[in-house]
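Structure file model_32.txt; described as compact mmCIF, C-alpha atoms.
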# COMPACT_ATOMS: atom_id res chain seq x y z
CA MET J 283 0.00 0.00 0.00
CA ASP J 284 1.26 3.42 -0.80
CA GLY J 285 0.03 6.84 -1.78
CA SER J 286 -2.21 9.30 -0.03
CA ASP J 287 -4.20 8.65 3.08
CA LYS J 288 -7.25 6.46 2.84
CA MET J 289 -9.80 6.96 5.53
CA ILE J 290 -12.88 4.93 6.19
CA VAL J 291 -15.00 4.65 3.09
CA ASP J 292 -18.70 4.72 3.85
CA GLN J 293 -20.02 6.19 0.64
CA TYR J 294 -20.49 4.10 -2.47
CA HIS J 295 -21.36 5.37 -5.93
CA VAL J 296 -23.95 3.64 -8.11
CA PHE J 297 -23.27 3.30 -11.84
CA VAL J 298 -25.53 2.07 -14.62
CA LYS J 299 -25.10 1.10 -18.24
CA ALA J 300 -27.81 2.00 -20.73
CA ASP J 301 -28.57 1.00 -24.32
CA SER J 302 -28.99 3.40 -27.24
CA VAL J 303 -32.54 4.35 -26.20
CA GLY J 304 -31.71 4.88 -22.53
CA ARG J 305 -32.93 1.57 -21.14
CA ILE J 306 -30.81 0.47 -18.16
CA THR J 307 -29.06 -2.81 -18.92
CA ALA J 308 -26.69 -3.16 -15.94
CA VAL J 309 -26.04 -1.65 -12.52
CA ASN J 310 -23.06 -1.85 -10.18
CA SER J 311 -21.21 -0.08 -7.39
CA SER J 312 -17.95 1.80 -7.00
CA ALA J 313 -16.97 -1.02 -4.65
CA PHE J 314 -16.58 -3.26 -7.69
CA VAL J 315 -16.24 -1.13 -10.82
CA SER J 316 -14.45 2.07 -11.80
CA PRO J 317 -16.25 5.25 -12.88
CA GLU J 318 -15.46 4.45 -16.52
CA TRP J 319 -17.74 1.43 -16.26
CA GLY J 320 -20.95 3.45 -16.55
CA ILE J 321 -22.95 6.53 -15.67
CA GLU J 322 -23.22 7.56 -12.01
CA ILE J 323 -26.80 7.95 -10.85
CA ASP J 324 -26.56 8.01 -7.05
CA HIS J 325 -24.33 7.59 -4.01
CA GLY J 326 -24.85 6.72 -0.39
CA VAL J 327 -24.21 4.44 2.55
CA GLY J 328 -25.28 0.84 3.04
CA ASP J 329 -26.01 -2.33 1.11
CA LYS J 330 -28.27 -0.57 -1.38
CA TYR J 331 -25.24 1.33 -2.66
CA HIS J 332 -22.44 -1.09 -1.77
CA HIS J 333 -24.14 -4.06 -3.45
CA ALA J 334 -26.12 -2.10 -6.02
CA GLN J 335 -26.11 -4.95 -8.55
CA GLY J 336 -28.85 -6.83 -6.73
CA ASN J 337 -30.08 -4.30 -4.18
CA TYR J 338 -30.29 -0.77 -5.59
CA PHE J 339 -33.50 -1.11 -7.55
CA PRO J 340 -36.60 -2.44 -5.78
CA GLN J 341 -37.15 -4.97 -8.58
CA PRO J 342 -34.80 -6.83 -10.94
CA ILE J 343 -33.67 -4.59 -13.77
CA TYR J 344 -35.21 -6.97 -16.30
CA THR J 345 -38.78 -8.29 -16.34
CA ASP J 346 -39.51 -12.01 -16.60
CA ASP J 347 -39.93 -11.40 -20.32
CA GLY J 348 -36.37 -10.10 -20.51
CA ILE J 349 -37.36 -6.45 -20.96
CA PRO J 350 -35.43 -3.65 -19.21
CA ARG J 351 -37.57 -2.32 -16.36
CA TYR J 352 -35.82 1.02 -15.81
CA LYS J 353 -34.55 3.85 -17.98
CA LEU J 354 -32.39 6.92 -17.68
CA VAL J 355 -34.18 10.27 -17.82
CA ASP J 356 -32.02 13.36 -17.36
CA GLY J 357 -29.43 11.31 -15.53
CA GLN J 358 -31.98 9.78 -13.16
CA ALA J 359 -33.14 6.17 -13.11
CA VAL J 360 -36.91 5.86 -13.38
CA GLU J 361 -39.21 2.89 -13.84
CA ARG J 362 -40.56 2.47 -17.35
CA THR J 363 -44.31 2.54 -17.88
CA GLU J 364 -46.33 -0.60 -18.48
CA GLU J 365 -47.04 0.66 -21.98
CA GLU J 366 -43.34 1.04 -22.75
CA ILE J 367 -42.59 -2.44 -21.50
CA ALA J 368 -45.56 -3.91 -23.36
CA ALA J 369 -44.39 -2.27 -26.57
CA ASP J 370 -40.98 -3.90 -26.16
CA VAL J 371 -42.60 -7.29 -25.59
CA ALA J 372 -44.72 -6.87 -28.71
CA ALA J 373 -41.67 -5.92 -30.73
CA ILE J 374 -39.87 -9.15 -29.95
CA VAL J 375 -39.78 -11.34 -33.02
CA GLN J 376 -40.77 -14.76 -31.75
CA PRO J 377 -38.58 -17.44 -33.24
CA VAL J 378 -40.50 -20.31 -34.78
CA THR J 379 -40.81 -23.49 -32.78
CA PHE J 380 -39.39 -26.80 -33.96
CA GLN J 381 -42.88 -28.02 -34.89
CA GLU J 382 -43.64 -24.86 -36.81
CA GLN J 383 -40.38 -25.13 -38.74
CA THR J 384 -40.98 -28.81 -39.54
CA ARG J 385 -44.49 -28.05 -40.80
CA ALA J 386 -43.16 -25.24 -42.95
CA ASP J 387 -40.50 -27.50 -44.42
CA LEU J 388 -43.06 -30.17 -45.22
CA ASP J 389 -45.40 -27.64 -46.79
CA PHE J 390 -42.55 -26.35 -48.95
CA LEU J 391 -41.54 -29.82 -50.11
CA ALA J 392 -45.15 -30.71 -50.81
CA ALA J 393 -45.63 -27.56 -52.84
CA MET J 394 -42.49 -28.34 -54.82
CA MET J 395 -43.82 -31.83 -55.55
CA GLY J 396 -47.33 -30.61 -56.33
CA LEU J 397 -48.83 -32.45 -53.40
CA THR J 398 -51.50 -31.34 -50.99
CA LEU J 399 -51.06 -32.40 -47.37
CA MET W 271 -18.55 -28.50 23.60
CA ALA W 272 -16.33 -30.16 26.13
CA ASP W 273 -15.17 -32.70 23.53
CA ASN W 274 -13.46 -29.95 21.54
CA ILE W 275 -11.52 -28.51 24.42
CA PRO W 276 -7.89 -29.50 24.83
CA ASN W 277 -7.18 -31.31 28.03
CA PHE W 278 -4.67 -29.15 29.83
CA LYS W 279 -3.99 -28.50 33.47
CA CYS W 280 -4.49 -25.06 34.86
CA ALA W 281 -2.28 -23.50 37.43
CA ILE W 282 -3.84 -21.32 40.08
CA PRO W 283 -6.42 -19.30 38.18
CA SER W 284 -5.67 -15.62 37.87
CA THR W 285 -7.90 -12.85 39.05
CA ALA W 286 -8.53 -11.96 35.43
CA LEU W 287 -9.73 -15.42 34.64
CA ASN W 288 -11.81 -15.50 37.74
CA ASN W 289 -13.45 -12.17 37.03
CA ALA W 290 -13.84 -12.67 33.32
CA LEU W 291 -15.16 -16.17 33.27
CA PHE W 292 -16.78 -16.87 36.51
CA GLY W 293 -18.66 -13.69 37.17
CA GLY W 294 -18.08 -13.58 40.90
CA GLN W 295 -18.41 -17.30 41.45
CA SER W 296 -15.52 -19.19 42.87
CA ALA W 297 -13.24 -20.41 40.11
CA TYR W 298 -12.14 -23.24 42.33
CA THR W 299 -15.72 -24.40 42.62
CA LEU W 300 -16.21 -24.28 38.88
CA LEU W 301 -12.93 -25.99 38.11
CA GLY W 302 -13.87 -28.87 40.29
CA PRO W 303 -11.49 -31.25 42.00
CA ASP W 304 -9.49 -32.07 38.84
CA GLY W 305 -8.40 -28.45 38.27
CA ILE W 306 -8.90 -28.68 34.51
CA PRO W 307 -10.25 -25.58 32.72
CA GLN W 308 -12.39 -27.65 30.40
CA THR W 309 -14.31 -28.78 33.44
CA ALA W 310 -14.93 -25.16 34.28
CA LEU W 311 -16.01 -24.40 30.73
CA ALA W 312 -18.29 -27.40 30.69
CA ASN W 313 -19.74 -26.26 33.99
CA LEU W 314 -20.24 -22.78 32.66
CA GLY W 315 -21.91 -23.94 29.44
CA ALA W 316 -23.66 -20.99 27.83
CA GLY W 317 -21.90 -18.74 30.31
CA VAL W 318 -18.99 -18.64 27.91
CA ARG W 319 -20.01 -15.89 25.54
CA PRO W 320 -19.88 -16.52 21.80
CA ARG W 321 -17.58 -14.59 19.55
CA LEU W 322 -19.17 -11.93 17.38
CA GLY W 323 -18.05 -11.57 13.79
CA ILE W 324 -16.24 -14.08 11.60
CA ASN W 325 -12.73 -15.37 11.02
CA MET W 326 -11.43 -14.18 14.36
CA ASP W 327 -8.57 -16.71 14.29
CA PHE W 328 -7.51 -15.48 10.83
CA THR W 329 -7.74 -18.93 9.26
CA VAL W 330 -10.07 -18.35 6.29
CA ASN W 331 -8.55 -16.75 3.21
CA GLN W 332 -10.90 -17.45 0.31
CA ARG W 333 -9.27 -14.85 -1.93
CA GLY W 334 -6.14 -16.96 -1.72
CA GLN W 335 -3.48 -14.27 -1.76
CA GLN W 336 -0.54 -14.61 0.60
CA SER W 337 -0.08 -10.87 0.76
CA TYR W 338 -2.53 -7.97 0.34
CA THR W 339 -1.15 -4.56 -0.49
CA THR W 340 -4.19 -2.54 -1.53
CA VAL W 341 -7.14 -1.04 0.30
CA GLY W 342 -10.06 -3.43 0.53
CA TYR W 343 -10.88 -6.88 1.79
CA THR W 344 -8.02 -9.21 2.66
CA LEU W 345 -8.66 -12.36 4.67
CA ASP W 346 -12.36 -13.12 4.92
CA GLY W 347 -14.19 -10.44 6.86
CA TRP W 348 -11.18 -8.17 7.34
CA ARG W 349 -10.81 -5.00 5.32
CA ALA W 350 -7.57 -3.02 5.15
CA VAL W 351 -7.39 0.76 5.34
CA PHE W 352 -4.43 3.03 5.95
CA GLY W 353 -3.42 6.62 6.61
CA GLY W 354 -1.08 8.97 8.43
CA GLY W 355 1.43 9.11 5.58
CA LEU W 356 1.94 5.39 5.16
CA THR W 357 4.63 4.75 2.55
CA SER W 358 3.98 1.04 2.10
CA GLY W 359 2.37 -1.80 3.96
CA SER W 360 0.89 -5.23 3.72
CA VAL W 361 -1.46 -7.73 5.30
CA ASP W 362 0.20 -11.15 5.10
CA PHE W 363 -1.59 -14.44 5.65
CA ASN W 364 0.38 -16.75 7.96
CA ASP W 365 -2.05 -19.70 7.77
CA PRO W 366 -3.18 -19.35 10.45
CA GLY W 367 -2.75 -15.84 11.72
CA VAL W 368 -1.93 -12.61 10.01
CA THR W 369 0.90 -10.09 10.02
CA ILE W 370 0.09 -6.42 9.51
CA THR W 371 3.00 -4.23 8.45
CA ALA W 372 2.99 -0.44 8.29
CA ASN W 373 6.01 1.34 6.85
CA GLY W 374 6.38 5.08 7.22
CA PRO W 375 6.57 7.75 9.89
CA SER W 376 5.28 7.24 13.42
CA THR W 377 1.99 8.83 12.37
CA ALA W 378 1.41 6.16 9.72
CA TYR W 379 -0.89 3.25 10.32
CA LEU W 380 -2.41 0.24 8.63
CA ASP W 381 -5.67 -1.09 10.07
CA ILE W 382 -7.70 -4.19 9.45
CA GLN W 383 -11.38 -3.69 10.22
CA GLN W 384 -14.38 -5.93 10.53
CA TYR W 385 -17.95 -4.65 10.39
CA PHE W 386 -20.75 -6.37 12.26
CA GLU W 387 -24.08 -7.27 10.75
CA ASP W 388 -26.08 -7.04 13.97
CA ASP W 389 -27.25 -3.89 15.70
CA PHE W 390 -25.29 -3.09 18.87
CA LEU W 391 -26.51 0.43 19.52
CA GLY W 392 -26.62 1.05 23.27
CA LYS W 393 -24.97 -2.25 24.15
CA THR W 394 -21.75 -2.95 26.01
CA LEU W 395 -19.06 -4.67 23.95
CA THR W 396 -15.64 -6.08 24.74
CA PHE W 397 -12.94 -6.57 22.11
CA SER W 398 -9.77 -8.52 22.83
CA VAL W 399 -6.74 -9.49 20.74
CA LEU W 400 -3.85 -11.84 21.49
CA TYR W 401 -0.67 -11.31 19.47
CA ALA W 402 2.01 -13.83 18.50
CA ASP W 403 4.57 -12.13 20.73
CA GLY W 404 2.34 -12.72 23.75
CA THR W 405 0.96 -9.20 23.94
CA PHE W 406 -2.69 -9.01 24.92
CA LEU W 407 -5.00 -6.02 24.48
CA THR W 408 -8.61 -5.72 25.56
CA VAL W 409 -11.16 -2.91 25.72
CA THR W 410 -14.73 -2.61 26.95
CA GLY W 411 -17.15 0.16 26.14
CA GLN W 412 -20.79 1.03 25.68
CA VAL W 413 -21.88 1.76 22.13
CA PRO W 414 -23.88 5.02 21.91
CA ALA W 415 -27.62 4.62 21.55
CA SER W 416 -27.62 6.50 18.26
CA ALA W 417 -25.25 6.76 15.32
CA PRO W 418 -23.12 9.87 14.72
CA SER W 419 -24.29 12.27 12.06
CA SER W 420 -21.26 11.66 9.88
CA GLY W 421 -18.05 9.65 9.70
CA ALA W 422 -17.22 7.24 12.49
CA VAL W 423 -16.67 7.69 16.23
CA THR W 424 -14.51 5.69 18.58
CA VAL W 425 -16.44 3.84 21.25
CA VAL W 426 -13.31 2.73 23.06
CA SER W 427 -9.68 1.99 22.21
CA THR W 428 -6.31 1.09 23.69
CA GLN W 429 -2.84 1.32 22.22
CA ASN W 430 0.76 0.37 22.86
CA THR W 431 3.93 1.25 20.95
CA LYS W 432 3.31 -1.08 18.03
CA SER W 433 -0.40 -1.60 17.86
CA GLY W 434 -3.85 -0.65 19.02
CA ILE W 435 -7.40 -1.94 18.98
CA TRP W 436 -10.68 -0.07 18.58
CA ILE W 437 -14.41 -0.48 18.76
CA ARG W 438 -16.00 2.13 16.50
CA LEU W 439 -19.42 3.17 15.25
CA THR W 440 -20.27 4.53 11.79
CA SER W 441 -22.87 7.08 10.76
CA GLY W 442 -24.81 4.19 9.29
CA GLY W 443 -25.16 2.69 12.77
CA LYS W 444 -22.74 -0.15 12.09
CA VAL W 445 -20.23 -1.19 14.73
CA PHE W 446 -16.80 -2.32 13.61
CA VAL W 447 -13.59 -3.38 15.31
CA GLN W 448 -10.12 -2.64 14.08
CA ILE W 449 -6.56 -3.76 14.76
CA ARG W 450 -3.73 -1.40 13.91
CA ALA W 451 -0.07 -1.68 13.03
CA LYS W 452 1.67 1.62 13.65
CA GLY W 453 4.26 3.14 11.33
CA GLY W 454 7.54 1.25 11.45
CA TYR W 455 6.11 -1.89 13.00
CA SER W 456 4.70 -5.28 12.14
CA VAL W 457 2.20 -6.95 14.43
CA SER W 458 0.81 -10.47 14.28
CA PRO W 459 -2.59 -11.04 15.87
CA VAL W 460 -3.32 -14.74 16.30
CA SER W 461 -6.81 -14.58 17.75
CA ALA W 462 -9.43 -11.95 18.50
CA LYS W 463 -12.77 -11.91 20.26
CA PRO W 464 -15.48 -9.29 20.11
CA GLU W 465 -18.23 -10.18 22.57
CA GLU W 466 -21.20 -8.67 24.31
CA GLY W 467 -20.82 -7.61 27.92
CA GLU W 468 -18.00 -6.65 30.22
CA GLY W 469 -14.87 -8.72 30.74
CA GLN W 470 -13.08 -10.81 28.15
CA THR W 471 -13.27 -14.55 27.59
CA LEU W 472 -10.53 -14.90 24.98
CA VAL W 473 -7.54 -15.70 27.21
CA TYR W 474 -6.43 -16.52 30.71
CA GLN W 475 -3.08 -16.01 32.37
CA ASP W 476 -1.26 -19.18 33.38
CA GLY W 477 0.92 -19.67 36.44
CA ASP W 478 3.90 -18.14 34.62
CA GLY W 479 1.92 -15.05 33.73
CA VAL W 480 1.67 -16.04 30.08
CA TRP W 481 -1.58 -15.37 28.24
CA GLN W 482 -3.14 -18.58 26.98
CA LEU W 483 -6.09 -18.84 24.61
CA LEU W 484 -9.28 -20.28 25.97
CA PRO W 485 -10.93 -22.78 23.65
CA GLN W 486 -13.72 -21.17 21.65
CA PRO W 487 -16.73 -23.14 20.40
CA ASP W 488 -16.30 -21.79 16.87
CA MET W 489 -12.53 -22.17 16.53
CA ASP W 490 -12.49 -25.06 14.03
CA TYR W 491 -11.94 -24.19 10.36
CA ALA W 492 -15.17 -25.72 9.05
CA THR W 493 -17.31 -23.63 11.38
CA GLN W 494 -15.39 -20.51 10.49
CA LEU W 495 -15.64 -21.16 6.74
CA THR W 496 -19.38 -21.74 7.01
CA LYS W 497 -19.77 -18.40 8.74
CA CYS W 498 -17.63 -16.71 6.10
CA LEU W 499 -19.71 -18.14 3.24
CA ARG W 500 -22.61 -16.00 4.38
CA TYR W 501 -20.58 -12.98 3.31
CA GLN W 502 -18.58 -14.31 0.39
CA LEU W 503 -18.80 -17.40 -1.79
CA LEU W 504 -15.78 -18.20 -3.91
CA LEU W 505 -16.16 -20.95 -6.50
CA THR W 506 -13.00 -23.02 -6.14
CA LYS W 507 -13.91 -25.34 -9.02
CA ASN W 508 -15.92 -25.04 -12.22
CA THR W 509 -19.56 -25.21 -11.17
CA LEU W 510 -22.51 -26.23 -13.33
CA ALA W 511 -26.04 -24.90 -12.93
CA SER W 512 -29.17 -25.67 -14.88
CA GLY W 513 -31.32 -22.90 -16.29
CA ARG W 514 -33.47 -21.67 -19.15
CA THR W 515 -33.90 -18.75 -21.44
CA PHE W 516 -36.69 -16.31 -20.66
CA LEU W 517 -40.32 -16.61 -21.67
CA SER W 518 -40.03 -14.34 -24.66
CA ASP W 519 -36.40 -13.34 -24.77
CA GLU W 520 -33.73 -15.73 -25.94
CA THR W 521 -30.99 -13.31 -24.89
CA SER W 522 -31.77 -13.66 -21.18
CA VAL W 523 -30.81 -16.76 -19.21
CA GLU W 524 -31.88 -17.57 -15.68
CA CYS W 525 -30.27 -20.31 -13.61
CA PHE W 526 -30.14 -21.50 -10.02
CA LEU W 527 -26.82 -21.95 -8.26
CA PRO W 528 -27.06 -23.87 -4.96
CA THR W 529 -25.06 -22.43 -2.07
CA PRO W 530 -23.96 -24.19 1.13
CA THR W 531 -25.38 -21.44 3.32
CA ALA W 532 -27.77 -18.53 2.85
CA MET W 533 -25.95 -15.39 1.80
CA ARG W 534 -26.53 -12.24 3.84
CA ILE W 535 -28.12 -10.21 1.02
CA ASN W 536 -28.37 -10.36 -2.76
CA PRO W 537 -24.63 -10.57 -3.47
CA THR W 538 -22.59 -8.91 -6.18
CA PHE W 539 -21.07 -11.11 -8.86
CA VAL W 540 -17.32 -10.52 -9.11
CA GLY W 541 -15.43 -11.96 -12.05
CA SER W 542 -15.29 -11.93 -15.81
CA MET W 543 -18.75 -12.38 -17.33
CA SER W 544 -17.20 -13.65 -20.55
CA GLU W 545 -15.89 -16.71 -18.68
CA ILE W 546 -19.44 -17.83 -17.89
CA VAL W 547 -20.35 -20.32 -20.60
CA VAL W 548 -23.88 -21.34 -21.55
CA TYR W 549 -24.40 -24.71 -23.23
CA ALA W 550 -27.60 -25.05 -25.26
CA ASP W 551 -28.48 -27.68 -27.84
CA GLY W 552 -24.87 -28.32 -28.86
CA SER W 553 -23.84 -24.67 -29.06
CA THR W 554 -22.03 -22.47 -26.56
CA TYR W 555 -22.62 -18.84 -25.67
CA THR W 556 -20.82 -16.49 -23.29
CA ALA W 557 -22.50 -14.21 -20.78
CA ILE W 558 -22.60 -10.45 -21.25
CA SER W 559 -23.99 -8.77 -18.13
CA VAL W 560 -25.85 -9.55 -14.90
CA GLN W 561 -29.57 -8.89 -15.00
CA LYS W 562 -30.59 -10.23 -11.59
CA ILE W 563 -29.16 -11.94 -8.51
CA LEU W 564 -31.56 -13.02 -5.80
CA ALA W 565 -30.39 -14.84 -2.68
CA SER W 566 -32.60 -17.49 -1.09
CA ASN W 567 -32.01 -19.90 1.78
CA ASN W 568 -30.44 -22.55 -0.43
CA GLY W 569 -28.96 -20.73 -3.40
CA LEU W 570 -28.81 -17.88 -5.85
CA SER W 571 -31.18 -17.19 -8.70
CA ILE W 572 -29.04 -15.54 -11.34
CA ALA W 573 -30.12 -13.99 -14.64
CA PHE W 574 -27.77 -12.64 -17.24
CA SER W 575 -27.78 -11.69 -20.89
CA ILE W 576 -26.28 -13.72 -23.73
CA PRO W 577 -26.13 -13.28 -27.51
CA ALA W 578 -29.20 -14.31 -29.50
CA GLY W 579 -29.51 -17.74 -31.01
CA VAL W 580 -30.57 -20.09 -28.23
CA GLY W 581 -34.31 -19.71 -28.64
CA VAL W 582 -36.92 -18.84 -26.03
CA ARG W 583 -37.85 -21.13 -23.15
CA GLN W 584 -34.87 -23.36 -23.89
CA SER W 585 -33.18 -25.43 -21.20
CA VAL W 586 -29.51 -24.59 -20.83
CA THR W 587 -26.56 -25.58 -18.69
CA VAL W 588 -24.39 -22.81 -17.29
CA ASN W 589 -20.75 -23.23 -16.30
CA PHE W 590 -19.39 -20.79 -13.74
CA PRO W 591 -15.57 -20.93 -13.81
CA SER W 592 -13.44 -21.35 -10.72
CA GLY W 593 -12.23 -18.10 -9.26
CA VAL W 594 -15.39 -16.05 -9.64
CA TYR W 595 -17.15 -15.13 -6.42
CA PHE W 596 -20.30 -13.67 -4.97
CA ASP W 597 -19.70 -10.81 -2.56
CA ALA W 598 -22.14 -9.94 0.25
CA ASN W 599 -19.58 -8.36 2.55
CA LEU W 600 -20.56 -5.53 4.84
For this file, write the structure as structure tokens.
Amino acid sequence: MDGSDKMIVDQYHVFVKADSVGRITAVNSSAFVSPEWGIEIDHGVGDKYHHAQGNYFPQPIYTDDGIPRYKLVDGQAVERTEEEIAADVAAIVQPVTFQEQTRADLDFLAAMMGLTL
Amino acid sequence: MADNIPNFKCAIPSTALNNALFGGQSAYTLLGPDGIPQTALANLGAGVRPRLGINMDFTVNQRGQQSYTTVGYTLDGWRAVFGGGLTSGSVDFNDPGVTITANGPSTAYLDIQQYFEDDFLGKTLTFSVLYADGTFLTVTGQVPASAPSSGAVTVVSTQNTKSGIWIRLTSGGKVFVQIRAKGGYSVSPVSAKPEEGEGQTLVYQDGDGVWQLLPQPDMDYATQLTKCLRYQLLLTKNTLASGRTFLSDETSVECFLPTPTAMRINPTFVGSMSEIVVYADGSTYTAISVQKILASNNGLSIAFSIPAGVGVRQSVTVNFPSGVYFDANL
């Protein structure tokens, strides 16, 4: 250890990462990441700030559908509206299931062979 | 408890032992006709106060370094801080025990501190430390009923030329203890005991005036490690967990990682996300960022993002590499 004095550190800084439209995709604390990691949104004392990754926000930062629950507005983290989250869910392109793909393949082959299934 | 206590003869018990352990009762009565301290301890039973905190014998070192030279956690539970113009210093693991070295002027210091989870506002605490050179320090003080408005205040402390020990209270209402090496000195604590109440139950003085450790119920390594895992879980081997992608998002994976003990709070994942590998239907994917960590009594529910391609609602297997850890330290 060397350098200047280090006194007791009680304050932790909370950083977030956001995507191109401001949706928060990750959160962490100055106890574990450097300021370059993200955008600072808050600071304080206690587990909420020290272990921000799982304790800063009252709910997980993603919904069970995998949609970001919070966003950055003027440097502040706010919860997204139900409408915003619903719009994101609706925008997800659902990949086809195995059965759907198999049926499509069969339909294509049948069409090529002039058959009706 | 008596089975874990070494069988050693005790010379005439000292006043300190008598006062500390026996609370005004006759030590001779408690010792019984055989004069063996373990008989006294067995007789006392719950009268021997438990140690607060974790890793007070400095035996658990999950981070695995032999020497720590930066501010932050060192051995499990013990965080290093320094000041006073310290030029260099280290916290060295002696397996067991620890050596704290502070280089610099007489004003310099290097402390190791441990914060307590429980609330001790208004309570009387005793903190005692035995050093490898036979030095013994102990303090007793009453924690204020309310936290200071800022910073940290000293509840009680004592110092000698080389070292010092403190009980302190933060503005957040958390009590912590600290052991100091002063500038120009190395000190080697071998055992410590914070406890509720007046009088210490860490050591007794034998017939030659030498401080001897009293057996503590939690002194074995397994018990200490179990306590430490509440605050930090290091994966020492590659660890597999089963999981699935989300209901409508194939770029989010959730898995359950069993833990040997409940962690204190939702912990922070510490390690390289890109080393977490997801196996799904013959393909592999690497994690990008943590989306959720929830602690339960028997494990951690962890969600993280991965590149697209797995498909929704797909079962996956997740490999957490050795060396990553989950941090719930105070």
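The part of chain W that reaches within 7 Å of chain J is made up of Thr339, Thr340, Val351, Phe352, Gly353, Gly354, Gly355, Leu356, Thr357, Ser358, Gly359, Ser360, Gly442, Phe516, Leu517, Ser518, Asp519, Ser522, Asn536, Pro537, Thr538, Ser559, Val560, Gln561, Lys562, Ile563, Leu564 and Gly581 of chain W, counting only C-alpha atoms.
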Item to check | From W:Ala417, W:Val523, W:Val409, W:Leu505, residue lying nearest Gln429 (chain W) [only C-alpha atoms] | outcome: W:Val409
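Put simply, CA of Tyr549 (chain W) is 6.2 Å away from CA of Val588 (chain W).
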Checklist entry - In Å, how far is it from CA of Phe328 (chain W) to CA of Lys452 (chain W)? => result 19.6 Å
Checklist entry - Around (-7.8, -15.4, 27.6) in the file's own coordinates, what residues are found within 10 Å if you use only C-alpha atoms, given back as number ranges by chain? => result W: 286-287, 290-291, 398-400, 406, 408, 461-463, 470-476, 480-485
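Summary of the local environment: counting only C-alpha atoms, residues at most 12 Å from Arg305 (chain J), other than itself and those fewer than 5 positions away along its chain, are J:Val298, J:Lys299, J:Ala300, J:Ile343, J:Tyr344, J:Ile349, J:Pro350, J:Arg351, J:Tyr352, J:Lys353, J:Leu354, J:Val355, J:Gly357, J:Gln358, J:Ala359, J:Val360, J:Glu361, J:Arg362, J:Thr363, J:Glu366, J:Ile367, J:Asp370.
The two atoms in question, CA of Gly326 (chain J) and CA of Phe446 (chain W), are spaced 18.5 Å apart.
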Since the input lacks some atoms of region 298-311 of chain J, please model N, CA and C atoms and print them as a tab-separated table (two decimals), in the coordinates of the input.
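The file below, part38.tsv, is the result:
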chain	number	residue	atom	x	y	z
J	298	VAL	N	-24.70	2.90	-13.75
J	298	VAL	CA	-25.53	2.07	-14.62
J	298	VAL	C	-24.98	2.13	-16.05
J	299	LYS	N	-25.32	1.09	-16.80
J	299	LYS	CA	-25.10	1.10	-18.24
J	299	LYS	C	-26.47	1.17	-18.91
J	300	ALA	N	-26.54	1.87	-20.02
J	300	ALA	CA	-27.81	2.00	-20.73
J	300	ALA	C	-27.60	1.72	-22.21
J	301	ASP	N	-28.69	1.26	-22.88
J	301	ASP	CA	-28.57	1.00	-24.32
J	301	ASP	C	-28.82	2.30	-25.10
J	302	SER	N	-28.92	2.20	-26.40
J	302	SER	CA	-28.99	3.40	-27.24
J	302	SER	C	-30.26	4.21	-27.01
J	303	VAL	N	-31.30	3.59	-26.44
J	303	VAL	CA	-32.54	4.35	-26.20
J	303	VAL	C	-32.73	4.65	-24.71
J	304	GLY	N	-31.66	4.48	-23.93
J	304	GLY	CA	-31.71	4.88	-22.53
J	304	GLY	C	-32.22	3.82	-21.57
J	305	ARG	N	-32.47	2.62	-22.05
J	305	ARG	CA	-32.93	1.57	-21.14
J	305	ARG	C	-31.74	1.04	-20.34
J	306	ILE	N	-31.91	0.91	-19.03
J	306	ILE	CA	-30.81	0.47	-18.16
J	306	ILE	C	-30.59	-1.04	-18.33
J	307	THR	N	-29.36	-1.40	-18.65
J	307	THR	CA	-29.06	-2.81	-18.92
J	307	THR	C	-28.16	-3.44	-17.85
J	308	ALA	N	-27.55	-2.63	-17.00
J	308	ALA	CA	-26.69	-3.16	-15.94
J	308	ALA	C	-26.50	-2.11	-14.87
J	309	VAL	N	-26.27	-2.56	-13.64
J	309	VAL	CA	-26.04	-1.65	-12.52
J	309	VAL	C	-24.95	-2.24	-11.63
J	310	ASN	N	-24.11	-1.37	-11.08
J	310	ASN	CA	-23.06	-1.85	-10.18
J	310	ASN	C	-22.60	-0.71	-9.29
J	311	SER	N	-21.64	-1.01	-8.43
J	311	SER	CA	-21.21	-0.08	-7.39
J	311	SER	C	-19.73	0.25	-7.53
